[in-house]
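K.L.:
Before I ask anything, let me first share the structure, which is written out below as structure tokens.
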Amino acid sequence: MSNPPVGARPPAFPLRVLEQHYGIDLAADGAFAREKEILERAAKIGLNRVMMGETWPNMGLRLIDYRETFPELATPEGTADAAKRRAVHEQIGAEARRLGIEPWVNINIINYPDAFTKLCPDAIAKAPATADRWLRSPGPKGLSKQPQICSSSESFRKLAVAQLTDLCRLPHVGGIECWLTAGDSDLFYCVCEKCTGKSISDRIVEFVETVHPVVVQHGKKLLMRPYLGGWRCALETEVWLEAAPCLPQDVEIGYKQQHGDLMNWHGPNPLAGRLAPHQELVEFDLQGEYRGINYGMVCSVRWQMQELIRHFRAKGVTGPICRGLDRAHFFDIDKWLFGALAQDPDLDVAVWSHAWAAQRYGAAGDEVLTILDECAEIMRLSMYVRGVQWASWAVPQNLARLRFILFDRCAPCVPNSYERLQPTPETLCAIIEEKQEARERADALAARTARLKGTLEHCFFTPLYTSVSYLRLYVSIAGPLMETFFRFLAWEKTSSEVTREYARIPLLESLATARRRIEEAHREIEALDVATLNGMMDAAGFVDPKASNKFLEPFRYATVILDDIEQSIDTPSASWWAYYPSAERWPQALRGRAELYRDASE
């Protein structure tokens with residue numbers, strides 16, 4: 001990716017935004033002190049806007065009391081709770097402004113109070129014929145607990161206006177960021193007579209036309225977030241290229257650096273620079289949620305980050321966003337580098353990184369940087385299959401989710417990916433080699449990190465070694481899991497029962513290897529510093545470290561995928577001979593049979 005032509009004036013970066021989606025519980029003790037610390041860190045990095053939500057997944061919803069805007073939904077308890085939370089939010093907002101940071105509110109517009117659909121049954125969606133297979137967000141982190149909604153209903157429009165009005169009345173807030181999270185399973189779910197004739201972009205435009213007058217009336221700004229549902233994920237490009245020209249010009253549009261949440265090593269988002277005249281904001285996932293960091297692993301994408309920021313600058317995108325400053329982290333170089341690059345995309349990353357690491361880690365600084373870079377490469381080799389991501393956080397929750405992530409969500413974002421992912425012998429060989437390389441590099445990196453003991457301060461060495469050791473265990477299961485999955489796809493693809501029986505043997509062997517690796521990983525995890533691993537998860541800020549053995553989730557999900565595959569292939573077969581001791585002779589026998597029948601036909 002090249003810089004703009006010599007003599008051209010590159011676009012400035014007037015906005016450097018912190019996306020603060022997850023960390024705020026305004027009812028918690030010490031909420032202001034914690035947020036003040038985050039804001040001070042953001043100010044040092046040079047950020048000038050903060051998106052403040054309220055405890056995920058409710059985001060801005062708990063700041064709304066509905067007394068004046070939708071009184072039927074107001075309750076004494078809700079009013080008192082909202083007042084308490086708004087007081088803390090305003091205190092945080094005042095501190096942000098003192099530091100030169102403009103506070104915004106973000107809200108997932110699909111959220112609504114439990115009483116809403118009971119009071120307004122016209123807002124309940126008409127389910128599509130395939131509703132029993134619809135992929136909503138998972139229950140524990142789900143959005144609407146009540147029925148899905150009809151975005152064409154007057155009641156929904158009234159609700160959206162009420163929510164935006166209450167938030168716009170907060171005096172310290174400069175603007176509202178609206179998510180359409182789970183949009184294709186809520187906002188785009190209904191198939192009633194009114195909704196059926198509307199495309200996804202039609203519904204986005206209609207929603208913006210509903211809420212935009214509210215923000216204008218209150219002198220605020222509106223940012224739309226093209227996140228069209230993490231679980232079915234309609235692609236952003238087609239929808240927003242169509243919707244953007246129909247939106248008021250002052251509406252800002254923010255999107256990921258790459259399509260959706262997961263694609264850290266895919267190509268840059270093709271929306272970049274194509275949504276004029278709207279101001280575009282592009283979000284960098286510095287916390288590394290989808291690089292396994294929320295399970296305690298570490299890595300740095302510092303070189304990729306500069307390449308992408310330069311790319312977006314060349315495209316005229318003027319608003320880089322960072323996500324993941326919620327907690328202080330031992331190895332958060334990307335957070336600090338983001339601020340430096342947002343102000344000077346052409347700085348010498350090597351020189352900057354050396355100075356930063358030397359100040360933090362002392363004489364071991366350059367070696368720590370090398371280890372973080374190698375962790376990133378190992379993750380790329382493990383969490384991607386021939387350049388296409390298959391991992392969701394670390395491992396998808398089941399076989400259906402794995403298929404969805406790899407083929408439906410990620411493959412369309414990588415040119416020629418479908419050809420590279422066909423379950424052929426050549427593909428299988430390439431995958432095995434790729435995963436074997438990852439394992440060898442992880443083994444070598446664990447030994448290399450161990451040699452830092454005594455050179456790197458204990459407060460840094462222990463979490464680094466624990467993280468690298470955990471990554472090594474993850475890599476040890478990723479290989480056989482992917483081999484098993486692609487052997488299963490090859491088995492599934494054929495309609496020949498005979499061919500299936502031959503394919504079943506190596507498939508079962510691969511499946512047994514994957515299970516054995518998971519058992520070994522469980523035993524080795526017991527030797528890790530679990531308290532340190534929990535601390536790294538807590539620093540990542542995306543999982544609850546109080547949940548028992550949360551770091552075992554990737555291995556548990558891998559077991560579920562293996563169970564799903566084994567159940568699929570464990571069916572009575574018309575052929576018994578695959579288990580015959582001399583099965584290797586049968587292919588020749590089958591060829592002989594073909595010759596016999598051909599002779600007979602002649």
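FYI, nothing fancy with the structure tokens labels: chains A, B, ... in order, residues from 1 per chain, ligands from 1 as they appear.
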Which residues of stretch 245-361 of chain A come within 7 Å of stretch 451-469 of chain A, and what is each one's closest atom pair and distance in Å (one decimal), counting only C-alpha atoms, sorted by chain and residue number, as CSV?
P.N.:
residue,atom,partner,partner_atom,distance
A:Gly296,CA,A:Ser467,CA,5.9
A:Met297,CA,A:Ser467,CA,4.7
A:Val298,CA,A:Ser467,CA,6.3
A:Phe330,CA,A:Phe460,CA,6.7
A:Tyr361,CA,A:Leu456,CA,6.7
K.L.:
Would you save the residues of that selection, restricted to N, CA, C and O atoms, as an mmCIF file, in the first residue's frame?
P.N.:
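Listing of result_0.cif after writing:
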data_model
loop_
_atom_site.group_PDB
_atom_site.id
_atom_site.type_symbol
_atom_site.label_atom_id
_atom_site.label_comp_id
_atom_site.auth_asym_id
_atom_site.auth_seq_id
_atom_site.Cartn_x
_atom_site.Cartn_y
_atom_site.Cartn_z
ATOM 1 N N GLY A 296 -6.319 -14.437 27.088
ATOM 2 C CA GLY A 296 -5.042 -14.317 27.760
ATOM 3 C C GLY A 296 -3.828 -14.396 26.866
ATOM 4 O O GLY A 296 -2.696 -14.290 27.340
ATOM 5 N N MET A 297 -4.014 -14.602 25.561
ATOM 6 C CA MET A 297 -2.878 -14.638 24.644
ATOM 7 C C MET A 297 -2.455 -13.202 24.298
ATOM 8 O O MET A 297 -3.187 -12.254 24.560
ATOM 9 N N VAL A 298 -1.294 -13.048 23.711
ATOM 10 C CA VAL A 298 -0.783 -11.721 23.372
ATOM 11 C C VAL A 298 -0.239 -11.725 21.944
ATOM 12 O O VAL A 298 0.181 -12.757 21.432
ATOM 13 N N PHE A 330 -0.210 -5.356 30.188
ATOM 14 C CA PHE A 330 1.241 -5.428 30.227
ATOM 15 C C PHE A 330 1.881 -5.255 28.847
ATOM 16 O O PHE A 330 3.008 -4.812 28.722
ATOM 17 N N TYR A 361 10.266 -2.243 29.155
ATOM 18 C CA TYR A 361 10.820 -3.566 29.481
ATOM 19 C C TYR A 361 12.329 -3.547 29.707
ATOM 20 O O TYR A 361 12.923 -4.589 29.973
#
K.L.:
From a DSSP calculation on the backbone, collect every residue of stretch 256-497 of chain A in strand (DSSP E or B) and output the set as a ChimeraX atom specification.
P.N.:
/A:256,280-285,319-323,384-385,388-389,453,456
K.L.:
Could you tell me which of A:Asp332, A:Glu35, A:Glu524, A:Glu238 comes closest to A:Leu372 if we count only C-alpha atoms?
P.N.:
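Closest residue, counting only C-alpha atoms: A:Asp332.
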K.L.:
Rank A:Arg487, A:Arg157, A:Lys221, A:Arg386 by their smallest atom-to-atom distance to A:Arg203, using only C-alpha atoms, and report the top residue only.
P.N.:
A:Arg157
K.L.:
If you run DSSP on this backbone, which residues of stretch 141-282 of chain A come out as helix (DSSP H, G or I), and could you give them as a ChimeraX atom specification?
P.N.:
/A:141,154-168,183-185,193-196,200-217,236-246
K.L.:
Next, the residues of the selection above should be written as a compact mmCIF listing (two decimals), in the first residue's frame with N, CA and C atoms.
P.N.:
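File written: out_8.txt
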# COMPACT_ATOMS: atom_id res chain seq x y z
N LYS A 141 -25.56 -13.30 26.06
CA LYS A 141 -25.14 -11.97 25.63
C LYS A 141 -26.15 -11.40 24.64
N GLU A 154 -45.24 1.73 13.74
CA GLU A 154 -45.22 3.07 14.33
C GLU A 154 -44.68 3.03 15.75
N SER A 155 -44.95 1.93 16.44
CA SER A 155 -44.48 1.82 17.82
C SER A 155 -42.96 1.77 17.88
N PHE A 156 -42.34 1.05 16.96
CA PHE A 156 -40.88 1.00 16.95
C PHE A 156 -40.31 2.38 16.66
N ARG A 157 -40.90 3.09 15.70
CA ARG A 157 -40.42 4.44 15.39
C ARG A 157 -40.55 5.35 16.61
N LYS A 158 -41.67 5.21 17.32
CA LYS A 158 -41.86 6.02 18.52
C LYS A 158 -40.79 5.69 19.56
N LEU A 159 -40.48 4.40 19.69
CA LEU A 159 -39.45 3.97 20.65
C LEU A 159 -38.09 4.55 20.27
N ALA A 160 -37.72 4.46 18.99
CA ALA A 160 -36.42 4.97 18.55
C ALA A 160 -36.30 6.47 18.81
N VAL A 161 -37.36 7.22 18.51
CA VAL A 161 -37.36 8.66 18.75
C VAL A 161 -37.23 8.94 20.24
N ALA A 162 -37.94 8.18 21.06
CA ALA A 162 -37.87 8.38 22.51
C ALA A 162 -36.46 8.13 23.03
N GLN A 163 -35.82 7.06 22.57
CA GLN A 163 -34.47 6.74 23.03
C GLN A 163 -33.47 7.82 22.63
N LEU A 164 -33.51 8.24 21.36
CA LEU A 164 -32.58 9.27 20.90
C LEU A 164 -32.84 10.61 21.58
N THR A 165 -34.11 10.92 21.81
CA THR A 165 -34.44 12.20 22.46
C THR A 165 -33.87 12.25 23.87
N ASP A 166 -34.08 11.18 24.63
CA ASP A 166 -33.55 11.16 26.01
C ASP A 166 -32.03 11.30 26.02
N LEU A 167 -31.35 10.63 25.11
CA LEU A 167 -29.90 10.69 25.08
C LEU A 167 -29.40 12.06 24.61
N CYS A 168 -30.09 12.64 23.64
CA CYS A 168 -29.68 13.95 23.13
C CYS A 168 -29.88 15.04 24.17
N GLY A 183 -28.64 -6.62 13.51
CA GLY A 183 -29.62 -6.00 12.62
C GLY A 183 -30.32 -6.97 11.70
N ASP A 184 -29.57 -7.92 11.14
CA ASP A 184 -30.23 -8.81 10.19
C ASP A 184 -31.06 -9.87 10.90
N SER A 185 -30.97 -9.92 12.22
CA SER A 185 -31.84 -10.84 12.94
C SER A 185 -32.89 -10.10 13.77
N GLU A 193 -46.29 -7.40 5.77
CA GLU A 193 -46.60 -6.80 4.46
C GLU A 193 -45.79 -5.53 4.22
N LYS A 194 -45.58 -4.73 5.26
CA LYS A 194 -44.82 -3.49 5.10
C LYS A 194 -43.33 -3.76 4.93
N CYS A 195 -42.81 -4.72 5.68
CA CYS A 195 -41.37 -4.97 5.66
C CYS A 195 -40.91 -5.74 4.42
N THR A 196 -41.76 -6.60 3.91
CA THR A 196 -41.35 -7.51 2.85
C THR A 196 -40.84 -6.76 1.62
N ILE A 200 -32.58 -4.23 2.75
CA ILE A 200 -31.85 -3.88 3.97
C ILE A 200 -31.50 -2.41 3.96
N SER A 201 -31.01 -1.92 2.81
CA SER A 201 -30.65 -0.50 2.74
C SER A 201 -31.88 0.39 2.91
N ASP A 202 -33.05 -0.03 2.39
CA ASP A 202 -34.28 0.74 2.60
C ASP A 202 -34.56 0.91 4.08
N ARG A 203 -34.39 -0.16 4.83
CA ARG A 203 -34.71 -0.11 6.26
C ARG A 203 -33.71 0.76 7.03
N ILE A 204 -32.44 0.74 6.60
CA ILE A 204 -31.45 1.63 7.22
C ILE A 204 -31.83 3.08 6.96
N VAL A 205 -32.13 3.40 5.72
CA VAL A 205 -32.49 4.78 5.35
C VAL A 205 -33.72 5.22 6.13
N GLU A 206 -34.70 4.34 6.22
CA GLU A 206 -35.93 4.67 6.95
C GLU A 206 -35.63 4.94 8.42
N PHE A 207 -34.75 4.13 8.99
CA PHE A 207 -34.40 4.33 10.40
C PHE A 207 -33.70 5.68 10.59
N VAL A 208 -32.73 5.99 9.74
CA VAL A 208 -32.01 7.26 9.85
C VAL A 208 -32.96 8.43 9.67
N GLU A 209 -33.87 8.33 8.72
CA GLU A 209 -34.85 9.40 8.51
C GLU A 209 -35.72 9.60 9.74
N THR A 210 -35.89 8.55 10.53
CA THR A 210 -36.68 8.64 11.76
C THR A 210 -35.93 9.37 12.87
N VAL A 211 -34.64 9.06 13.04
CA VAL A 211 -33.91 9.58 14.20
C VAL A 211 -33.08 10.83 13.89
N HIS A 212 -32.73 11.06 12.64
CA HIS A 212 -31.87 12.20 12.31
C HIS A 212 -32.48 13.53 12.73
N PRO A 213 -33.77 13.78 12.50
CA PRO A 213 -34.34 15.07 12.95
C PRO A 213 -34.19 15.30 14.45
N VAL A 214 -34.15 14.22 15.22
CA VAL A 214 -34.02 14.35 16.67
C VAL A 214 -32.65 14.94 17.03
N VAL A 215 -31.58 14.38 16.45
CA VAL A 215 -30.25 14.86 16.79
C VAL A 215 -30.04 16.28 16.27
N VAL A 216 -30.60 16.58 15.11
CA VAL A 216 -30.47 17.94 14.57
C VAL A 216 -31.17 18.94 15.49
N GLN A 217 -32.37 18.58 15.95
CA GLN A 217 -33.14 19.46 16.83
C GLN A 217 -32.36 19.81 18.09
N GLU A 236 -21.30 -5.56 4.61
CA GLU A 236 -21.49 -4.12 4.74
C GLU A 236 -21.43 -3.42 3.39
N THR A 237 -20.55 -3.88 2.52
CA THR A 237 -20.25 -3.13 1.31
C THR A 237 -21.48 -2.89 0.46
N GLU A 238 -22.16 -3.96 0.09
CA GLU A 238 -23.29 -3.84 -0.81
C GLU A 238 -24.38 -2.97 -0.20
N VAL A 239 -24.63 -3.15 1.09
CA VAL A 239 -25.74 -2.47 1.76
C VAL A 239 -25.45 -0.98 1.93
N TRP A 240 -24.25 -0.65 2.43
CA TRP A 240 -23.99 0.75 2.76
C TRP A 240 -23.60 1.58 1.56
N LEU A 241 -23.05 0.97 0.53
CA LEU A 241 -22.83 1.72 -0.70
C LEU A 241 -24.16 2.15 -1.30
N GLU A 242 -25.17 1.34 -1.10
CA GLU A 242 -26.51 1.67 -1.59
C GLU A 242 -27.22 2.66 -0.68
N ALA A 243 -27.02 2.52 0.64
CA ALA A 243 -27.75 3.36 1.58
C ALA A 243 -27.14 4.76 1.72
N ALA A 244 -25.81 4.85 1.69
CA ALA A 244 -25.14 6.11 2.00
C ALA A 244 -25.62 7.30 1.17
N PRO A 245 -25.81 7.18 -0.16
CA PRO A 245 -26.24 8.36 -0.92
C PRO A 245 -27.63 8.87 -0.53
N CYS A 246 -28.39 8.05 0.17
CA CYS A 246 -29.75 8.43 0.54
C CYS A 246 -29.82 9.05 1.94
K.L.:
Nearest residue to A:Pro345 out of A:Pro425, A:Glu374, A:Ile309, A:Asp366, using only C-alpha atoms?
P.N.:
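Checking each of A:Pro425, A:Glu374, A:Ile309, A:Asp366 against A:Pro345, counting only C-alpha atoms, the winner is A:Ile309.
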K.L.:
Near A:Gly174, within 10 Å and counting only C-alpha atoms, which residues show up once chain neighbours fewer than 3 positions away are dropped, as a list in words?
P.N.:
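These residues fall inside the cut-off: Arg49, Val50, Met51, Gly93, Glu102, Pro103, Trp104, Val105, Cys168, Leu170, Pro171, Val215, His218, Gly219, Lys220, Lys221 and Leu222 of chain A.
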K.L.:
Based on the selection just made, write N, CA, C and O atoms of those residues as an mmCIF file, in the first residue's frame.
P.N.:
data_model
loop_
_atom_site.group_PDB
_atom_site.id
_atom_site.type_symbol
_atom_site.label_atom_id
_atom_site.label_comp_id
_atom_site.auth_asym_id
_atom_site.auth_seq_id
_atom_site.Cartn_x
_atom_site.Cartn_y
_atom_site.Cartn_z
ATOM 1 N N ARG A 49 -12.185 11.997 20.946
ATOM 2 C CA ARG A 49 -13.610 11.679 21.069
ATOM 3 C C ARG A 49 -13.734 10.325 21.753
ATOM 4 O O ARG A 49 -12.945 9.424 21.492
ATOM 5 N N VAL A 50 -14.699 10.184 22.618
ATOM 6 C CA VAL A 50 -14.918 8.906 23.278
ATOM 7 C C VAL A 50 -16.378 8.516 23.111
ATOM 8 O O VAL A 50 -17.279 9.341 23.282
ATOM 9 N N MET A 51 -16.608 7.258 22.717
ATOM 10 C CA MET A 51 -17.956 6.711 22.606
ATOM 11 C C MET A 51 -18.261 5.949 23.892
ATOM 12 O O MET A 51 -17.675 4.896 24.137
ATOM 13 N N GLY A 93 -18.415 12.569 31.603
ATOM 14 C CA GLY A 93 -18.400 13.456 30.444
ATOM 15 C C GLY A 93 -17.693 14.770 30.724
ATOM 16 O O GLY A 93 -16.954 15.293 29.878
ATOM 17 N N GLU A 102 -14.253 14.890 23.421
ATOM 18 C CA GLU A 102 -15.693 15.091 23.289
ATOM 19 C C GLU A 102 -16.425 13.784 23.583
ATOM 20 O O GLU A 102 -16.193 12.778 22.908
ATOM 21 N N PRO A 103 -17.319 13.774 24.576
ATOM 22 C CA PRO A 103 -18.035 12.526 24.897
ATOM 23 C C PRO A 103 -19.255 12.321 24.001
ATOM 24 O O PRO A 103 -20.005 13.261 23.729
ATOM 25 N N TRP A 104 -19.420 11.121 23.528
ATOM 26 C CA TRP A 104 -20.604 10.696 22.788
ATOM 27 C C TRP A 104 -21.260 9.541 23.550
ATOM 28 O O TRP A 104 -20.656 8.956 24.457
ATOM 29 N N VAL A 105 -22.467 9.200 23.141
ATOM 30 C CA VAL A 105 -23.151 8.015 23.684
ATOM 31 C C VAL A 105 -23.349 7.027 22.542
ATOM 32 O O VAL A 105 -23.708 7.417 21.428
ATOM 33 N N CYS A 168 -30.094 12.636 23.637
ATOM 34 C CA CYS A 168 -29.682 13.951 23.129
ATOM 35 C C CYS A 168 -29.876 15.044 24.172
ATOM 36 O O CYS A 168 -29.253 16.114 24.090
ATOM 37 N N LEU A 170 -28.912 14.866 27.173
ATOM 38 C CA LEU A 170 -27.760 14.893 28.072
ATOM 39 C C LEU A 170 -26.861 16.051 27.640
ATOM 40 O O LEU A 170 -26.334 16.057 26.518
ATOM 41 N N PRO A 171 -26.658 17.050 28.496
ATOM 42 C CA PRO A 171 -25.993 18.283 28.053
ATOM 43 C C PRO A 171 -24.533 18.108 27.653
ATOM 44 O O PRO A 171 -24.019 18.862 26.836
ATOM 45 N N VAL A 215 -31.584 14.376 16.451
ATOM 46 C CA VAL A 215 -30.248 14.864 16.792
ATOM 47 C C VAL A 215 -30.036 16.279 16.275
ATOM 48 O O VAL A 215 -29.379 17.107 16.921
ATOM 49 N N HIS A 218 -31.568 18.866 18.583
ATOM 50 C CA HIS A 218 -30.833 19.083 19.834
ATOM 51 C C HIS A 218 -29.393 19.523 19.596
ATOM 52 O O HIS A 218 -28.598 19.592 20.547
ATOM 53 N N GLY A 219 -29.038 19.804 18.355
ATOM 54 C CA GLY A 219 -27.695 20.279 18.069
ATOM 55 C C GLY A 219 -26.617 19.231 18.239
ATOM 56 O O GLY A 219 -25.460 19.567 18.523
ATOM 57 N N LYS A 220 -26.970 17.969 18.059
ATOM 58 C CA LYS A 220 -26.003 16.881 18.198
ATOM 59 C C LYS A 220 -25.644 16.335 16.820
ATOM 60 O O LYS A 220 -26.206 16.729 15.801
ATOM 61 N N LYS A 221 -24.700 15.390 16.811
ATOM 62 C CA LYS A 221 -24.307 14.719 15.575
ATOM 63 C C LYS A 221 -24.711 13.241 15.650
ATOM 64 O O LYS A 221 -24.901 12.703 16.738
ATOM 65 N N LEU A 222 -24.806 12.617 14.480
ATOM 66 C CA LEU A 222 -25.246 11.226 14.405
ATOM 67 C C LEU A 222 -24.206 10.408 13.651
ATOM 68 O O LEU A 222 -23.771 10.780 12.563
#
K.L.:
Rounded to one decimal, what separation in Å do you get between atom CA of A:Arg86 and atom CA of A:Lys44?
P.N.:
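Between atom CA of A:Arg86 and atom CA of A:Lys44 the gap works out to 26.0 Å.
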K.L.:
Have a look at A:Arg313, A:Cys429, A:Leu473, A:Pro506 and name the one nearest to A:Leu528; count only C-alpha atoms.
P.N.:
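That would be A:Leu473, the residue with the smallest distance to A:Leu528.
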K.L.:
Taking only C-alpha atoms into account, name the residue in A:Val351, A:Arg62, A:Ile92, A:Phe331 that is nearest to A:Ala80.
P.N.:
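Using only C-alpha atoms, A:Ala80 sits closest to A:Arg62.
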K.L.:
Considering only C-alpha atoms, can you say which of A:Asn534, A:Thr69, A:Thr513, A:Gln279 comes closest to A:Lys550?
P.N.:
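Nearest to A:Lys550: A:Asn534.
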K.L.:
Excluding same-chain residues fewer than 2 positions from A:Cys192, what lies within 9 Å of it counting only C-alpha atoms, as a PyMOL selection string?
P.N.:
chain A and resi 125-128+150+152+190+194-197
K.L.:
Create the file for the chosen residues now, containing C-alpha atoms and written as a PDB file, in the first residue's frame.
P.N.:
ATOM      1  CA  ALA A 125     -42.240  -9.017  13.979  1.00  0.00           C
ATOM      2  CA  LYS A 126     -43.852 -11.515  11.670  1.00  0.00           C
ATOM      3  CA  ALA A 127     -41.365 -14.362  11.650  1.00  0.00           C
ATOM      4  CA  PRO A 128     -39.953 -15.611   8.336  1.00  0.00           C
ATOM      5  CA  CYS A 150     -41.040  -4.953  13.202  1.00  0.00           C
ATOM      6  CA  SER A 152     -41.952  -0.681  10.016  1.00  0.00           C
ATOM      7  CA  CYS A 190     -39.712  -9.111   9.956  1.00  0.00           C
ATOM      8  CA  LYS A 194     -44.817  -3.492   5.100  1.00  0.00           C
ATOM      9  CA  CYS A 195     -41.370  -4.965   5.656  1.00  0.00           C
ATOM     10  CA  THR A 196     -41.350  -7.507   2.847  1.00  0.00           C
ATOM     11  CA  GLY A 197     -41.020  -4.898   0.115  1.00  0.00           C
TER      12      GLY A 197
END
